Structures are given as structure tokens and as C-alpha cells.
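**Q** If you scroll down you'll find the structure; I have some questions about it.
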Amino acid sequence: MHVEHLIVGAGFAGLCAAIKLQEDGETDFLVVEKGSDVGGTWRDNTYPGAACDVPSQLYSYSFATNPEWSMSYSPQPEIQAYLRSVAESSGTLDRFEFDTRFEDATWDEAAQVWRSRITGPDGERTVVSRTLVVGAGSLSEPKLPEIEGIETFQGELFHSARWNHDVDLAGKRVAVIGTGASAIQIVPELQQSLAASGGHLDVYQRTAPWVIPRNDRRYGALERRALRRLPLLRKVYRTGIYWAHEAYVPAFTIEPKIAAPAKQAALANIRKGIKDPALRERVTPHFEIGCKRILRSNTWYPALAADNTELVTDPIAKVTGNAVVTADGVERPVDVLVVATGFHTTDLPFAEQVTGTAGRSLADVWREQGMAAYKGTTVPGFPNLFVLVGPNTGQGHTSMVFIIEAQVAYLRDAVRTMRERGLGAIEPREAAHRKWNRSVQRRMKRTVWTTGGCESWYLDEHGRNTTLWPKATFTFRRNLARFDADAYDTTPVPTSREEQPA
């Protein structure tokens, strides 16, 4: 099978690429998705309490604002329904193949194409494409904890991103490992349901997070009607939220003391939710606010203070067939073990599957040099490869959809340039790549993510932040506003293009 563009993933990034390429008349594309529907992260994360921690008016496409949000921070089912609605109305779904796994891709230098193996309901086949657009995302592959004996656990065990809804938790003793963005949504829901059924909850905390109040509210009937009928009002909401969140950037990237009001709000959140001084001390972070992702919840601290919850801060030593054992020797029986331990973010799994010009995988290159991409999107040695939500594009304060749209705009302009100039291959020059990433890492040294005194999933094994963008998001969009062909090595389309089987 031959297509001009192969897109991997049907979450926010892959769907955006498909819609915008079609708008440009680039209709010869295929989207492969391992799941059974669009949505990506928002299809897979169905745990109790799953919701966005960025206001919904901003966590949506600028070209498809949603008049149907029910509240300021929408729950997972609404976000998934929104993505499905956008996909259905886009007229692109006839080129999506679901339940289809991307196996690997190899660059064919002679033909200037990517040869990708995919496996779907009808078996394995090869797709030949001019470009390869990877929208797999950085929060798509769950990361399991490396704990001695965890494979011997005899009860129910699952990752928060692969929630097992068939397990009856009523009256059970449940343990949650992790205190990140997913855990603070899961724990209050579990605490309430377990309290009602006589169950117990253990929460294993390695590092206390900073948690500020979640200023959530449900839109009233009149407000919803206005948002539905007045697109301009939705734009005003979106613009206001965008700039309010951009105001956080200096506290992360220039001077952490600017975040003092947020720190005071977080400390007040602890005082309001927990009366016991000893427990307050255990949940109070000892690093600068912002060094790890700032979380939002009104129910996290009350859940930890509940009678049927125990917060465990001693390190986990091992897991047995029916218990978790901590370093102090205490053994706590467990029926259900939930691991909310995040995702592979600094070692993106798809990189193992992509082989470039030198016969080396992208993972090999990144292991040697560190995960990096030119403008977070393209990589030397991997012509016509576009990575959406790539290295140093992540956000600690605002919507990733803004970044995705900027990258897709860059992709579109690159494809237009290739068409206009008759180019078969484009590849960022090593010098441009190095200059871009030196600048990013130089700027990163002054950020709270580096100086704030914490260890986080933002950092790779060498202590480098290869995850986040260290400036305002509008600067990222400006840098990707046009395809800068002068930063690339380009190759004309072969004079006799190989005919591929349909």
C-alpha cells in the first residue's frame, strides 16, 4: 500500500494532523491507531475521577471550539466525546484504521520513502509513505514501577491508565502507588467508595506534591446557552484562560519567587484539608513549587485524612503475593494494587521502532546523544519524519493542544514546500539541530525544573530536562510559524519514482 503520509496515533495530535493535511488538499494519508477509537490518552484513561487539569475552553482545538462543555474542567467522558465528534465531522475517518498496531518503519534512501509494517485485523502489511508523522504522544505507554516481587502479587494489579472496571472494589483493601496527577484524582474517588463499602485504602507516597485548589465550577444553563450560541464568547473565554496561564511562565523559567501566591494557596489547601499536624508535615513538599507539575484538587487532602485511608511514606521494599512490605518491615495486606506511576516520557517507546539513514534506530541515537529534535519536531538522520509532542515540547502550566497546533502548522508548511520545490526528502542539518537544542538546554538551566530541588519525570537519566519547553508557548508557535528550508538538507524527488503496489 502506498500513501503520501502515514500518521501514527489518533489522539489530539494525529487527528489534528489528519484534519489540517486534508484542508491543504493532502488527502492521500492513512492514520493507524492501536486502539478501537480516536482519543488516545483520553480514550485509554478511564480511571475514577479522570478529568483534565487545564480548563476545557483551552484544552480543545482552536478551529473546533466546543459549545457543550458542562464545566470548567471537563471529565474524561466529555473530552473523549468531543474528540469523537470532531473526528466524525471532519470527513477524515475513512482513512483511519483502528485496532492496527504500528510495528516499525525504515527509511529507504534510494526511493526516498518510509517503509512501515503495520498489523491490523487482517494481518501484517507494509505501508510505503513519503512522510511519517508520529502522534503517539508522551503519555501513551504506562510505566510500571521496578519493585522487587511485584510480579508475584496474587491479587488484582493494574496501571491507572489501564483501569480494570471488571474488578469489584467493594469492601477490599486497595493500595495506590504514586501521588502524581492521576493519583490525586483517583484517591478521593476510591476513598469515598471504599468508605461506603467498608474497604480500606493505602496510599504510598515517595514525594509529596504541591496541590493547589481546583477552582472548578459547573456552567449554569444560561451560560451554557450563551456559549453554545455565541462563538465569540467562547473565543473570549479561551483567550482569557490562555493569557492567565501564560502568566505562570516567569515563575517557572525566570524567578521561582514569583510563584509565592501559588505556594501560599497550596499551604492553605493543606491546612484546610488536614487537621492533624503530623500528617500535614508529611504531605508538605520540601522543594520549590513548580519543580514538579503543580496539581489541582479540593479533595486530595481530605481523602488522605479520612479514617479509612493510610498515607505510607516509608519506601516500598518489596511486594509479596498478598501484601506490600515497606523498608521499616511493616507488611500491609492488599487485595487490589493500583500503580499510578506515570508513563515513558524520556524514553519514548516508538523511537525503538523507527530506523533512519544510518541503519540506526531513533532510540539508539537518543540513548547516545540524549532525546532531542529540531524545533521539537524533526531529527537529523531521519528524513521526512515529523514527531508531534516531541522532545522539549511539553507544558507544565497550559494546554498541549496549543503546541500540537503549532507543530502541525510547521508540518503543513514543510509539505507545501516539498510540493512547490519538487523535494523528495528534507532533513534538518546537524548544525541547526545542535544550535536549537543548545539554546533550549542553556535556557533550561535557570528554570525551577532544574534548580527547584526535586527529581521529576521531566528529567532523563542524565538529569537533563528533555520534556518541557522552557519559554512562553507563543514563542514556540512563532518559531514554528513557517518551515525554514534553509535549516534543512533537501533532495529532489527521484526522476523515476518506484511504482508501489496498491
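Residue numbers start at 1 in each chain; chains themselves are named A, B, ... in the order of the C-alpha cells; ligands are numbered from 1 in the order shown.
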Set the distance at 10 Å and use only C-alpha atoms: which residues neighbour Lys375 in chain A once local chain neighbours fewer than 4 positions away are removed? I'd like the list as an MDAnalysis selection string.
**A** chainID A and resid 379 387 390:393 407 410 428 432:433 436:437 440 476 479:480
**Q** At a cut-off of 6 Å, using only C-alpha atoms, what residues contact range 291-297 of chain A? Leave out same-chain residues fewer than 5 positions from it and give the result as number ranges by chain.
**A** A: 210-214, 396, 448-449, 452, 456
**Q** Using only C-alpha atoms, which protein or nucleic acid residues come within 12 Å of Trp163 in chain A? Drop anything in the same chain fewer than 2 positions from it, and give the result as a ChimeraX atom specification.
**A** /A:43-50,142,156-161,165-168,182,186,336-340
**Q** Could those residues be written to a file, using N, CA and C atoms, as a PDB file, in the first residue's frame?
**A**
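See out.pdb below for the written result:
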```pdb
ATOM      1  N   ARG A  43      -9.016   8.291  25.514  1.00  0.00           N
ATOM      2  CA  ARG A  43      -9.739   7.031  25.318  1.00  0.00           C
ATOM      3  C   ARG A  43      -9.302   6.010  26.358  1.00  0.00           C
ATOM      4  N   ASP A  44      -8.003   5.999  26.663  1.00  0.00           N
ATOM      5  CA  ASP A  44      -7.426   4.953  27.495  1.00  0.00           C
ATOM      6  C   ASP A  44      -7.578   5.207  28.990  1.00  0.00           C
ATOM      7  N   ASN A  45      -7.521   6.463  29.413  1.00  0.00           N
ATOM      8  CA  ASN A  45      -7.553   6.767  30.845  1.00  0.00           C
ATOM      9  C   ASN A  45      -8.987   6.937  31.323  1.00  0.00           C
ATOM     10  N   THR A  46      -9.558   5.861  31.814  1.00  0.00           N
ATOM     11  CA  THR A  46     -10.953   5.865  32.254  1.00  0.00           C
ATOM     12  C   THR A  46     -11.065   5.611  33.753  1.00  0.00           C
ATOM     13  N   TYR A  47      -9.999   5.881  34.481  1.00  0.00           N
ATOM     14  CA  TYR A  47      -9.995   5.637  35.924  1.00  0.00           C
ATOM     15  C   TYR A  47     -11.007   6.550  36.632  1.00  0.00           C
ATOM     16  N   PRO A  48     -11.437   6.186  37.829  1.00  0.00           N
ATOM     17  CA  PRO A  48     -12.386   7.025  38.568  1.00  0.00           C
ATOM     18  C   PRO A  48     -11.839   8.434  38.783  1.00  0.00           C
ATOM     19  N   GLY A  49     -12.639   9.426  38.435  1.00  0.00           N
ATOM     20  CA  GLY A  49     -12.235  10.813  38.631  1.00  0.00           C
ATOM     21  C   GLY A  49     -11.417  11.417  37.510  1.00  0.00           C
ATOM     22  N   ALA A  50     -11.184  10.668  36.422  1.00  0.00           N
ATOM     23  CA  ALA A  50     -10.351  11.177  35.327  1.00  0.00           C
ATOM     24  C   ALA A  50     -10.929  12.461  34.748  1.00  0.00           C
ATOM     25  N   PRO A 142       2.215   3.298  29.554  1.00  0.00           N
ATOM     26  CA  PRO A 142       2.345   3.283  31.014  1.00  0.00           C
ATOM     27  C   PRO A 142       3.693   2.741  31.468  1.00  0.00           C
ATOM     28  N   GLU A 156      -5.431  -8.470  42.316  1.00  0.00           N
ATOM     29  CA  GLU A 156      -5.608  -7.712  41.073  1.00  0.00           C
ATOM     30  C   GLU A 156      -4.599  -6.570  41.033  1.00  0.00           C
ATOM     31  N   LEU A 157      -3.911  -6.425  39.903  1.00  0.00           N
ATOM     32  CA  LEU A 157      -2.912  -5.364  39.733  1.00  0.00           C
ATOM     33  C   LEU A 157      -3.108  -4.729  38.370  1.00  0.00           C
ATOM     34  N   PHE A 158      -3.192  -3.397  38.336  1.00  0.00           N
ATOM     35  CA  PHE A 158      -3.284  -2.712  37.044  1.00  0.00           C
ATOM     36  C   PHE A 158      -2.787  -1.284  37.172  1.00  0.00           C
ATOM     37  N   HIS A 159      -2.363  -0.739  36.039  1.00  0.00           N
ATOM     38  CA  HIS A 159      -1.908   0.653  35.951  1.00  0.00           C
ATOM     39  C   HIS A 159      -3.129   1.559  35.860  1.00  0.00           C
ATOM     40  N   SER A 160      -2.992   2.768  36.362  1.00  0.00           N
ATOM     41  CA  SER A 160      -4.119   3.705  36.334  1.00  0.00           C
ATOM     42  C   SER A 160      -4.615   3.970  34.923  1.00  0.00           C
ATOM     43  N   ALA A 161      -3.705   3.908  33.937  1.00  0.00           N
ATOM     44  CA  ALA A 161      -4.089   4.168  32.547  1.00  0.00           C
ATOM     45  C   ALA A 161      -4.719   2.958  31.883  1.00  0.00           C
ATOM     46  N   HIS A 165     -12.177  -2.186  35.017  1.00  0.00           N
ATOM     47  CA  HIS A 165     -13.502  -1.894  35.556  1.00  0.00           C
ATOM     48  C   HIS A 165     -14.264  -3.156  35.948  1.00  0.00           C
ATOM     49  N   ASP A 166     -13.718  -4.309  35.613  1.00  0.00           N
ATOM     50  CA  ASP A 166     -14.372  -5.563  35.983  1.00  0.00           C
ATOM     51  C   ASP A 166     -14.091  -5.971  37.433  1.00  0.00           C
ATOM     52  N   VAL A 167     -13.125  -5.317  38.057  1.00  0.00           N
ATOM     53  CA  VAL A 167     -12.766  -5.654  39.434  1.00  0.00           C
ATOM     54  C   VAL A 167     -13.720  -4.950  40.404  1.00  0.00           C
ATOM     55  N   ASP A 168     -14.350  -5.718  41.249  1.00  0.00           N
ATOM     56  CA  ASP A 168     -15.240  -5.181  42.273  1.00  0.00           C
ATOM     57  C   ASP A 168     -14.396  -4.780  43.481  1.00  0.00           C
ATOM     58  N   SER A 182      -2.537  11.638  38.149  1.00  0.00           N
ATOM     59  CA  SER A 182      -3.613  10.648  38.099  1.00  0.00           C
ATOM     60  C   SER A 182      -4.049  10.248  39.504  1.00  0.00           C
ATOM     61  N   ILE A 186      -7.708   9.842  41.421  1.00  0.00           N
ATOM     62  CA  ILE A 186      -8.193   8.505  41.754  1.00  0.00           C
ATOM     63  C   ILE A 186      -8.477   8.346  43.246  1.00  0.00           C
ATOM     64  N   VAL A 336      -6.115  -5.346  46.072  1.00  0.00           N
ATOM     65  CA  VAL A 336      -6.009  -4.730  44.748  1.00  0.00           C
ATOM     66  C   VAL A 336      -4.887  -3.704  44.781  1.00  0.00           C
ATOM     67  N   LEU A 337      -3.989  -3.795  43.812  1.00  0.00           N
ATOM     68  CA  LEU A 337      -2.840  -2.896  43.748  1.00  0.00           C
ATOM     69  C   LEU A 337      -2.958  -2.043  42.493  1.00  0.00           C
ATOM     70  N   VAL A 338      -3.077  -0.722  42.672  1.00  0.00           N
ATOM     71  CA  VAL A 338      -3.170   0.227  41.564  1.00  0.00           C
ATOM     72  C   VAL A 338      -1.857   0.985  41.472  1.00  0.00           C
ATOM     73  N   VAL A 339      -1.192   0.914  40.325  1.00  0.00           N
ATOM     74  CA  VAL A 339       0.063   1.646  40.151  1.00  0.00           C
ATOM     75  C   VAL A 339      -0.209   2.889  39.293  1.00  0.00           C
ATOM     76  N   ALA A 340      -0.054   4.038  39.920  1.00  0.00           N
ATOM     77  CA  ALA A 340      -0.234   5.319  39.230  1.00  0.00           C
ATOM     78  C   ALA A 340       1.141   5.957  39.108  1.00  0.00           C
TER      79      ALA A 340
END
```
**Q** Using only C-alpha atoms, which of A:Val128, A:Lys435, A:Glu405, A:Thr357 sits nearest Tyr374 in chain A?
**A**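 Counting only C-alpha atoms, the residue closest to Tyr374 in chain A is A:Lys435.
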**Q** I want to know what sits within 9 Å of Phe350 in chain A, based on only C-alpha atoms, with residues of the same chain fewer than 3 positions away left out; could you give that as a list in words?
**A**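 Listing them by chain and then by number gives Phe102, Glu103, Asp104, Val134, Ala136, Asp347, Gln353, Val354, Leu362 and Ala363 of chain A.
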**Q** DSSP on the backbone, then: every residue of range 104-315 of chain A marked alpha helix (DSSP H), written as JSON, numbers by chain.
**A** {"A": [183, 184, 185, 186, 187, 188, 189, 190, 191, 192, 193, 194, 195, 196, 197, 221, 222, 223, 224, 225, 226, 227, 228, 229, 231, 232, 233, 234, 235, 236, 237, 238, 239, 240, 241, 242, 243, 244, 245, 246, 249, 250, 251, 252, 253, 260, 261, 262, 263, 264, 265, 266, 267, 268, 269, 270, 271, 272, 273, 277, 278, 279, 280, 281, 282, 283, 300, 301, 302, 303, 304, 305]}
**Q** Name all residues at most 6 Å from Asn384 in chain A (count only C-alpha atoms; drop same-chain ones fewer than 2 positions away) and give them as a list in words.
**A**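 Here the answer would be Thr131, Ala425 and Ile426 of chain A.
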**Q** Looking at A:Ala305, A:Met418, A:Ala268, A:Leu194, which one is nearest to Ala170 in chain A, with distances taken over only C-alpha atoms?
**A**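 The shortest atom-to-atom distance to Ala170 in chain A comes from A:Leu194.
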**Q** Could you pull out the residues in range 90-171 of chain A that DSSP calls strand (DSSP E) from the backbone, as a PDB file with C-alpha atoms, in the first residue's frame?
**A**
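Now in selection.pdb:
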```
ATOM      1  CA  PHE A  96      -8.318   5.751   9.814  1.00  0.00           C
ATOM      2  CA  GLU A  97      -7.522   2.130  10.606  1.00  0.00           C
ATOM      3  CA  ARG A 101      -0.511  -1.523  15.521  1.00  0.00           C
ATOM      4  CA  PHE A 102       2.486   0.334  14.102  1.00  0.00           C
ATOM      5  CA  GLU A 103       5.288  -2.224  14.232  1.00  0.00           C
ATOM      6  CA  ASP A 104       8.275  -0.402  12.743  1.00  0.00           C
ATOM      7  CA  ALA A 105       9.455   1.889   9.952  1.00  0.00           C
ATOM      8  CA  THR A 106      12.672   2.028   7.932  1.00  0.00           C
ATOM      9  CA  TRP A 107      13.843   4.844   5.678  1.00  0.00           C
ATOM     10  CA  ASP A 108      14.531   3.751   2.077  1.00  0.00           C
ATOM     11  CA  VAL A 113      10.166   6.764   1.279  1.00  0.00           C
ATOM     12  CA  TRP A 114       9.373   5.245   4.644  1.00  0.00           C
ATOM     13  CA  ARG A 115       8.540   1.545   4.647  1.00  0.00           C
ATOM     14  CA  SER A 116       6.367   0.778   7.666  1.00  0.00           C
ATOM     15  CA  ARG A 117       4.986  -2.502   8.916  1.00  0.00           C
ATOM     16  CA  ILE A 118       1.551  -2.392  10.479  1.00  0.00           C
ATOM     17  CA  THR A 119      -0.548  -5.183  11.946  1.00  0.00           C
ATOM     18  CA  GLY A 120      -4.331  -4.976  11.935  1.00  0.00           C
ATOM     19  CA  GLY A 123      -2.813  -9.323   9.468  1.00  0.00           C
ATOM     20  CA  GLU A 124       0.512  -7.655   8.727  1.00  0.00           C
ATOM     21  CA  ARG A 125       1.247  -5.494   5.711  1.00  0.00           C
ATOM     22  CA  THR A 126       3.684  -2.837   4.534  1.00  0.00           C
ATOM     23  CA  VAL A 127       2.776   0.804   4.010  1.00  0.00           C
ATOM     24  CA  VAL A 128       5.068   2.953   1.858  1.00  0.00           C
ATOM     25  CA  SER A 129       4.821   6.686   2.551  1.00  0.00           C
ATOM     26  CA  ARG A 130       6.630   9.885   1.676  1.00  0.00           C
ATOM     27  CA  THR A 131       6.342  11.242   5.223  1.00  0.00           C
ATOM     28  CA  LEU A 132       5.983   9.571   8.598  1.00  0.00           C
ATOM     29  CA  VAL A 133       4.080  11.614  11.189  1.00  0.00           C
ATOM     30  CA  VAL A 134       4.233  10.204  14.705  1.00  0.00           C
ATOM     31  CA  GLU A 156      -5.608  -7.712  41.073  1.00  0.00           C
ATOM     32  CA  LEU A 157      -2.912  -5.364  39.733  1.00  0.00           C
ATOM     33  CA  PHE A 158      -3.284  -2.712  37.044  1.00  0.00           C
ATOM     34  CA  HIS A 159      -1.908   0.653  35.951  1.00  0.00           C
TER      35      HIS A 159
END
```
**Q** Applying 10 Å and only C-alpha atoms, which residues near Gly422 in chain A remain after dropping the ones on its own chain fewer than 2 positions away? List them as number ranges by chain.
**A** A: 416-420, 424-425, 490-494
**Q** If you measure from CA of Gln441 in chain A to CA of Val365 in chain A, what distance in Å do you get, rounded to one decimal?
**A**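 A separation of 17.8 Å between them.
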**Q** Go ahead and compute the interatomic distance for CA of Arg225 in chain A and CA of Pro67 in chain A, in Å to one decimal.
**A** 8.5 Å
